[in-house]
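Below is model.cif, which holds mmCIF, C-alpha atoms, pLDDT in the B column; chains and numbers go by the auth columns.
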data_my_file
loop_
_atom_site.group_PDB
_atom_site.id
_atom_site.type_symbol
_atom_site.label_atom_id
_atom_site.label_comp_id
_atom_site.label_asym_id
_atom_site.label_seq_id
_atom_site.Cartn_x
_atom_site.Cartn_y
_atom_site.Cartn_z
_atom_site.B_iso_or_equiv
_atom_site.auth_seq_id
_atom_site.auth_asym_id
ATOM 1 C CA MET A 1 9.062 -14.472 -10.452 89.00 17 A
ATOM 2 C CA LYS A 2 11.596 -16.710 -8.667 89.00 18 A
ATOM 3 C CA LYS A 3 11.138 -17.837 -5.062 90.00 19 A
ATOM 4 C CA ILE A 4 13.706 -15.453 -3.554 90.00 20 A
ATOM 5 C CA ASP A 5 12.211 -12.504 -5.450 92.00 21 A
ATOM 6 C CA ALA A 6 8.675 -13.480 -4.426 91.00 22 A
ATOM 7 C CA ALA A 7 9.706 -13.708 -0.761 90.00 23 A
ATOM 8 C CA LYS A 8 11.345 -10.279 -0.920 91.00 24 A
ATOM 9 C CA PHE A 9 8.289 -8.826 -2.673 91.00 25 A
ATOM 10 C CA LEU A 10 5.984 -10.160 0.064 89.00 26 A
ATOM 11 C CA ASP A 11 8.488 -9.202 2.781 88.00 27 A
ATOM 12 C CA ILE A 12 8.524 -12.728 4.206 90.00 28 A
ATOM 13 C CA SER A 13 11.098 -15.509 4.451 91.00 29 A
ATOM 14 C CA GLU A 14 11.415 -18.189 1.806 90.00 30 A
ATOM 15 C CA LYS A 15 10.345 -20.739 4.429 92.00 31 A
ATOM 16 C CA THR A 16 7.126 -18.802 5.075 90.00 32 A
ATOM 17 C CA LEU A 17 6.524 -18.632 1.324 89.00 33 A
ATOM 18 C CA GLU A 18 6.933 -22.408 1.138 90.00 34 A
ATOM 19 C CA ARG A 19 4.361 -22.810 3.948 90.00 35 A
ATOM 20 C CA LEU A 20 1.916 -20.558 2.078 90.00 36 A
ATOM 21 C CA VAL A 21 2.351 -22.686 -1.059 90.00 37 A
ATOM 22 C CA LYS A 22 1.906 -25.889 0.933 90.00 38 A
ATOM 23 C CA SER A 23 -1.300 -24.571 2.538 89.00 39 A
ATOM 24 C CA GLY A 24 -2.649 -23.546 -0.879 89.00 40 A
ATOM 25 C CA GLU A 25 -2.791 -19.802 -0.192 89.00 41 A
ATOM 26 C CA ILE A 26 -0.338 -19.120 -3.043 90.00 42 A
ATOM 27 C CA SER A 27 0.176 -21.233 -6.147 90.00 43 A
ATOM 28 C CA SER A 28 3.498 -22.003 -7.783 89.00 44 A
ATOM 29 C CA LYS A 29 4.675 -23.848 -10.855 90.00 45 A
ATOM 30 C CA LEU A 30 7.876 -25.494 -12.008 88.00 46 A
ATOM 31 C CA GLU A 31 9.721 -24.225 -15.059 88.00 47 A
ATOM 32 C CA LYS A 32 12.800 -25.618 -16.742 88.00 48 A
ATOM 33 C CA GLY A 33 15.980 -23.896 -15.664 83.00 49 A
ATOM 34 C CA LYS A 34 19.493 -24.214 -17.084 87.00 50 A
ATOM 35 C CA THR A 35 20.429 -27.133 -14.859 90.00 51 A
ATOM 36 C CA ARG A 36 17.269 -27.967 -12.884 89.00 52 A
ATOM 37 C CA ASP A 37 13.606 -27.110 -12.503 88.00 53 A
ATOM 38 C CA VAL A 38 12.893 -23.723 -10.866 88.00 54 A
ATOM 39 C CA VAL A 39 9.837 -22.779 -8.785 89.00 55 A
ATOM 40 C CA VAL A 40 8.187 -19.618 -10.125 91.00 56 A
ATOM 41 C CA PHE A 41 5.271 -17.496 -8.971 91.00 57 A
ATOM 42 C CA ASP A 42 2.753 -15.374 -10.825 91.00 58 A
ATOM 43 C CA ALA A 43 3.461 -11.671 -10.144 90.00 59 A
ATOM 44 C CA GLU A 44 -0.227 -10.690 -10.354 92.00 60 A
ATOM 45 C CA GLU A 45 -1.231 -13.365 -7.868 92.00 61 A
ATOM 46 C CA LEU A 46 1.502 -12.216 -5.459 91.00 62 A
ATOM 47 C CA LYS A 47 0.391 -8.596 -5.833 92.00 63 A
ATOM 48 C CA THR A 48 -3.219 -9.560 -5.045 90.00 64 A
ATOM 49 C CA PHE A 49 -2.108 -11.673 -2.073 89.00 65 A
ATOM 50 C CA LYS A 50 0.038 -8.832 -0.712 88.00 66 A
ATOM 51 C CA GLU A 51 -2.815 -6.304 -1.014 87.00 67 A
ATOM 52 C CA LYS A 52 -5.229 -8.680 0.704 85.00 68 A
ATOM 53 C CA ARG A 53 -2.712 -9.378 3.464 83.00 69 A
ATOM 54 C CA GLU A 54 -1.957 -5.701 4.072 79.00 70 A
ATOM 55 C CA SER A 55 -5.624 -4.740 4.134 75.00 71 A
ATOM 56 C CA SER A 56 -6.316 -7.306 6.848 66.00 72 A
ATOM 57 C CA LYS A 57 -3.360 -6.374 9.087 60.00 73 A
ATOM 58 C CA HIS A 58 -5.097 -3.650 11.072 55.00 74 A
ATOM 59 C CA ARG A 59 -8.270 -5.173 12.368 53.00 75 A
ATOM 60 C CA PRO A 60 -9.921 -4.128 15.613 53.00 76 A
ATOM 61 C CA ALA A 61 -9.432 -6.348 18.616 52.00 77 A
ATOM 62 C CA PHE A 62 -13.204 -6.732 18.869 49.00 78 A
ATOM 63 C CA SER A 63 -15.988 -6.242 16.380 50.00 79 A
ATOM 64 C CA ILE A 64 -19.717 -6.548 16.808 47.00 80 A
ATOM 65 C CA SER A 65 -22.417 -7.019 14.270 49.00 81 A
ATOM 66 C CA ASP A 66 -25.917 -5.982 15.243 47.00 82 A
ATOM 67 C CA ASP A 67 -27.310 -9.179 13.773 48.00 83 A
ATOM 68 C CA SER A 68 -25.246 -11.276 16.201 44.00 84 A
ATOM 69 C CA PRO A 69 -27.708 -13.088 18.499 45.00 85 A
ATOM 70 C CA ALA A 70 -25.190 -13.703 21.262 45.00 86 A
ATOM 71 C CA GLN A 71 -23.760 -10.187 21.048 45.00 87 A
ATOM 72 C CA ASN A 72 -20.430 -11.521 22.238 45.00 88 A
ATOM 73 C CA SER A 73 -18.125 -9.196 20.342 46.00 89 A
ATOM 74 C CA VAL A 74 -17.616 -5.479 20.418 46.00 90 A
ATOM 75 C CA SER A 75 -16.352 -2.647 18.209 49.00 91 A
ATOM 76 C CA LEU A 76 -13.802 -0.446 19.926 48.00 92 A
ATOM 77 C CA ILE A 77 -13.147 1.826 16.969 49.00 93 A
ATOM 78 C CA PRO A 78 -14.819 5.211 17.402 50.00 94 A
ATOM 79 C CA THR A 79 -17.250 6.245 14.706 51.00 95 A
ATOM 80 C CA LYS A 80 -18.980 9.538 14.006 49.00 96 A
ATOM 81 C CA THR A 81 -21.888 8.459 16.197 50.00 97 A
ATOM 82 C CA ASP A 82 -19.691 7.764 19.247 49.00 98 A
ATOM 83 C CA ASN A 83 -19.491 10.216 22.146 51.00 99 A
ATOM 84 C CA ILE A 84 -16.605 12.364 20.945 51.00 100 A
ATOM 85 C CA ASP A 85 -16.087 15.901 22.194 53.00 101 A
ATOM 86 C CA ARG A 86 -14.971 17.481 18.904 54.00 102 A
ATOM 87 C CA GLN A 87 -13.692 20.633 20.580 56.00 103 A
ATOM 88 C CA ASN A 88 -11.309 18.809 22.933 56.00 104 A
ATOM 89 C CA GLN A 89 -10.920 15.736 20.661 52.00 105 A
ATOM 90 C CA THR A 90 -11.628 13.350 23.523 54.00 106 A
ATOM 91 C CA LEU A 91 -13.587 10.125 23.449 55.00 107 A
ATOM 92 C CA SER A 92 -15.992 9.046 26.156 62.00 108 A
ATOM 93 C CA PHE A 93 -14.910 5.567 27.215 66.00 109 A
ATOM 94 C CA THR A 94 -18.263 4.698 28.772 72.00 110 A
ATOM 95 C CA PRO A 95 -19.547 2.825 25.685 72.00 111 A
ATOM 96 C CA ILE A 96 -16.271 0.929 25.415 70.00 112 A
ATOM 97 C CA ILE A 97 -16.307 -0.092 29.074 73.00 113 A
ATOM 98 C CA THR A 98 -19.944 -1.158 28.818 75.00 114 A
ATOM 99 C CA ALA A 99 -19.145 -3.192 25.712 74.00 115 A
ATOM 100 C CA LEU A 100 -16.181 -4.897 27.393 72.00 116 A
ATOM 101 C CA GLU A 101 -18.300 -5.780 30.412 72.00 117 A
ATOM 102 C CA SER A 102 -20.951 -7.341 28.189 72.00 118 A
ATOM 103 C CA LEU A 103 -18.228 -9.213 26.329 68.00 119 A
ATOM 104 C CA ALA A 104 -16.868 -10.529 29.623 63.00 120 A
ATOM 105 C CA GLU A 105 -20.328 -11.734 30.634 63.00 121 A
ATOM 106 C CA ALA A 106 -20.888 -13.413 27.268 60.00 122 A
ATOM 107 C CA GLN A 107 -17.547 -15.225 27.338 59.00 123 A
ATOM 108 C CA LYS A 108 -17.597 -16.014 31.068 57.00 124 A
ATOM 109 C CA MET A 109 -14.453 -13.969 31.710 55.00 125 A
ATOM 110 C CA VAL A 110 -13.263 -13.387 35.237 59.00 126 A
ATOM 111 C CA PHE A 111 -11.385 -10.176 35.911 67.00 127 A
ATOM 112 C CA LEU A 112 -8.254 -10.365 38.058 68.00 128 A
ATOM 113 C CA GLN A 113 -9.878 -8.402 40.866 70.00 129 A
ATOM 114 C CA ASN A 114 -12.534 -11.139 41.176 72.00 130 A
ATOM 115 C CA LYS A 115 -10.213 -14.171 41.074 77.00 131 A
ATOM 116 C CA PRO A 116 -9.635 -15.832 44.461 83.00 132 A
ATOM 117 C CA MET A 117 -6.704 -17.913 43.119 86.00 133 A
ATOM 118 C CA LEU A 118 -3.954 -16.399 40.964 86.00 134 A
ATOM 119 C CA ASN A 119 -1.138 -17.938 38.958 85.00 135 A
ATOM 120 C CA LEU A 120 2.338 -16.429 39.294 85.00 136 A
ATOM 121 C CA SER A 121 2.014 -14.023 36.355 85.00 137 A
ATOM 122 C CA ASP A 122 -1.390 -12.778 37.543 85.00 138 A
ATOM 123 C CA SER A 123 0.026 -12.408 41.064 86.00 139 A
ATOM 124 C CA ALA A 124 2.841 -10.305 39.630 86.00 140 A
ATOM 125 C CA LEU A 125 0.321 -8.084 37.813 83.00 141 A
ATOM 126 C CA VAL A 126 -1.832 -7.621 40.892 81.00 142 A
ATOM 127 C CA SER A 127 1.037 -7.023 43.315 83.00 143 A
ATOM 128 C CA GLY A 128 3.382 -5.048 41.100 84.00 144 A
ATOM 129 C CA LEU A 129 6.195 -7.453 42.006 87.00 145 A
ATOM 130 C CA SER A 130 8.177 -9.419 39.450 89.00 146 A
ATOM 131 C CA VAL A 131 7.474 -13.066 38.697 88.00 147 A
ATOM 132 C CA THR A 132 11.082 -13.866 39.616 90.00 148 A
ATOM 133 C CA PHE A 133 10.680 -12.211 43.032 91.00 149 A
ATOM 134 C CA LEU A 134 7.494 -14.186 43.664 90.00 150 A
ATOM 135 C CA GLU A 135 9.156 -17.438 42.536 89.00 151 A
ATOM 136 C CA LYS A 136 12.008 -16.830 45.003 92.00 152 A
ATOM 137 C CA ALA A 137 9.494 -16.139 47.784 91.00 153 A
ATOM 138 C CA VAL A 138 7.729 -19.422 46.966 90.00 154 A
ATOM 139 C CA LYS A 139 11.040 -21.292 46.909 90.00 155 A
ATOM 140 C CA ASP A 140 12.068 -19.756 50.264 91.00 156 A
ATOM 141 C CA GLY A 141 8.704 -20.722 51.782 90.00 157 A
ATOM 142 C CA ARG A 142 7.612 -17.132 52.440 91.00 158 A
ATOM 143 C CA LEU A 143 4.679 -17.435 50.012 90.00 159 A
ATOM 144 C CA LYS A 144 2.447 -20.508 49.962 89.00 160 A
ATOM 145 C CA THR A 145 1.276 -22.024 46.665 88.00 161 A
ATOM 146 C CA PHE A 146 -1.111 -24.773 45.716 87.00 162 A
ATOM 147 C CA ALA A 147 -1.115 -27.160 42.766 84.00 163 A
ATOM 148 C CA GLY A 148 -3.120 -25.783 39.874 78.00 164 A
ATOM 149 C CA LEU A 149 -4.051 -27.314 36.553 76.00 165 A
ATOM 150 C CA ARG A 150 -1.336 -29.113 34.586 79.00 166 A
ATOM 151 C CA GLY A 151 1.250 -28.695 37.323 78.00 167 A
ATOM 152 C CA SER A 152 0.986 -24.922 37.558 81.00 168 A
ATOM 153 C CA LYS A 153 1.279 -23.108 40.865 84.00 169 A
ATOM 154 C CA VAL A 154 -1.546 -20.936 42.152 89.00 170 A
ATOM 155 C CA ILE A 155 -1.570 -18.500 45.042 90.00 171 A
ATOM 156 C CA ARG A 156 -4.537 -17.584 47.193 90.00 172 A
ATOM 157 C CA ARG A 157 -5.299 -13.875 46.943 87.00 173 A
ATOM 158 C CA THR A 158 -5.437 -13.615 50.733 88.00 174 A
ATOM 159 C CA ASP A 159 -1.985 -15.223 51.030 89.00 175 A
ATOM 160 C CA LEU A 160 -0.610 -12.798 48.443 88.00 176 A
ATOM 161 C CA GLU A 161 -2.101 -9.799 50.253 87.00 177 A
ATOM 162 C CA LYS A 162 -0.650 -11.038 53.553 88.00 178 A
ATOM 163 C CA PHE A 163 2.779 -11.532 51.924 88.00 179 A
ATOM 164 C CA ILE A 164 2.698 -7.998 50.471 86.00 180 A
ATOM 165 C CA SER A 165 1.737 -6.474 53.804 86.00 181 A
ATOM 166 C CA GLU A 166 4.708 -8.196 55.476 86.00 182 A
ATOM 167 C CA LEU A 167 7.225 -6.751 53.012 81.00 183 A
#
Will you turn the file into structure tokens for me?
Amino acid sequence: MKKIDAAKFLDISEKTLERLVKSGEISSKLEKGKTRDVVVFDAEELKTFKEKRESSKHRPAFSISDDSPAQNSVSLIPTKTDNIDRQNQTLSFTPIITALESLAEAQKMVFLQNKPMLNLSDSALVSGLSVTFLEKAVKDGRLKTFAGLRGSKVIRRTDLEKFISEL
């Protein structure tokens, strides 16, 4: 199969196909063409690669194995043993919330509600205001920022709350 046909079969660009060959995920070989050598691909290998790629597309955001000592990952996909009300087809989110909290503890995550200093995008999430609006307020001097890591700007939560109350 020629390169253009292989790319169409895999539903990727020729450039992506070249990267996959370079990384060794797909093999190719040169065959004599009419005027120059042509790169060709094995159809069976491409079929296997495509099946493997499609089967791994829909993975859960978190997965936990019971043999994990740190227990730092979580399965969010409901199973038959989960708390599902079959009559109303609703899922109890308590196990999911508990799992996310344990994941946060294991990975030392800090939720936005617990952060004393916020970057502009987090400030926008917390306040419901746009990042552009907050940037203009900083530029106009109505909202005070401090230097964060790598030149970023951070806003004290108390300053943000005061700014919102004055709107």
Please, what distance in Å, to one decimal, runs between CA of Glu67 in chain A and CA of Asp53 in chain A?
->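 That distance, rounded to one decimal, is 28.9 Å.
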Report as an mmCIF file with C-alpha atoms, keeping the file's coordinate frame the full result of the PyMOL selection byres ((chain A and resi 28-43) around 10) when it is applied to this structure.
data_model
loop_
_atom_site.group_PDB
_atom_site.id
_atom_site.type_symbol
_atom_site.label_atom_id
_atom_site.label_comp_id
_atom_site.auth_asym_id
_atom_site.auth_seq_id
_atom_site.Cartn_x
_atom_site.Cartn_y
_atom_site.Cartn_z
ATOM 1 C CA LYS A 19 11.138 -17.837 -5.062
ATOM 2 C CA ILE A 20 13.706 -15.453 -3.554
ATOM 3 C CA ASP A 21 12.211 -12.504 -5.450
ATOM 4 C CA ALA A 22 8.675 -13.480 -4.426
ATOM 5 C CA ALA A 23 9.706 -13.708 -0.761
ATOM 6 C CA LYS A 24 11.345 -10.279 -0.920
ATOM 7 C CA PHE A 25 8.289 -8.826 -2.673
ATOM 8 C CA LEU A 26 5.984 -10.160 0.064
ATOM 9 C CA ASP A 27 8.488 -9.202 2.781
ATOM 10 C CA SER A 44 3.498 -22.003 -7.783
ATOM 11 C CA LYS A 45 4.675 -23.848 -10.855
ATOM 12 C CA VAL A 56 8.187 -19.618 -10.125
ATOM 13 C CA PHE A 57 5.271 -17.496 -8.971
ATOM 14 C CA ASP A 58 2.753 -15.374 -10.825
ATOM 15 C CA GLU A 61 -1.231 -13.365 -7.868
ATOM 16 C CA LEU A 62 1.502 -12.216 -5.459
ATOM 17 C CA PHE A 65 -2.108 -11.673 -2.073
#
Could you work out how far CA of Asn130 in chain A lies from CA of Glu182 in chain A, giving the answer in Å with one decimal?
->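 If I compute the distance from CA of Glu182 in chain A to CA of Asn130 in chain A, I get 22.6 Å.
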Write out as a PyMOL selection string which residues come within 9 Å of Thr174 in chain A when counting all atoms listed in the file, dropping same-chain ones fewer than 4 positions away.
-> chain A and resi 132-133+178-179
Those residues you just picked out, can you put them in a file as a PDB file, in the frame of the given file with C-alpha atoms?
ATOM      1  CA  PRO A 132      -9.635 -15.832  44.461  1.00 83.00           C
ATOM      2  CA  MET A 133      -6.704 -17.913  43.119  1.00 86.00           C
ATOM      3  CA  LYS A 178      -0.650 -11.038  53.553  1.00 88.00           C
ATOM      4  CA  PHE A 179       2.779 -11.532  51.924  1.00 88.00           C
TER       5      PHE A 179
END
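Nearest-residue note for Leu150 in chain A: choosing from A:Ile112, A:Gly164, A:Gln129, A:Lys169, the minimum distance belongs to A:Lys169, counting all atoms listed in the file.
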Mind giving me the straight-line distance from CA of Val154 in chain A to CA of Gly167 in chain A in Å, one decimal?
->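 Value for the CA of Val154 in chain A-CA of Gly167 in chain A distance: 14.9 Å.
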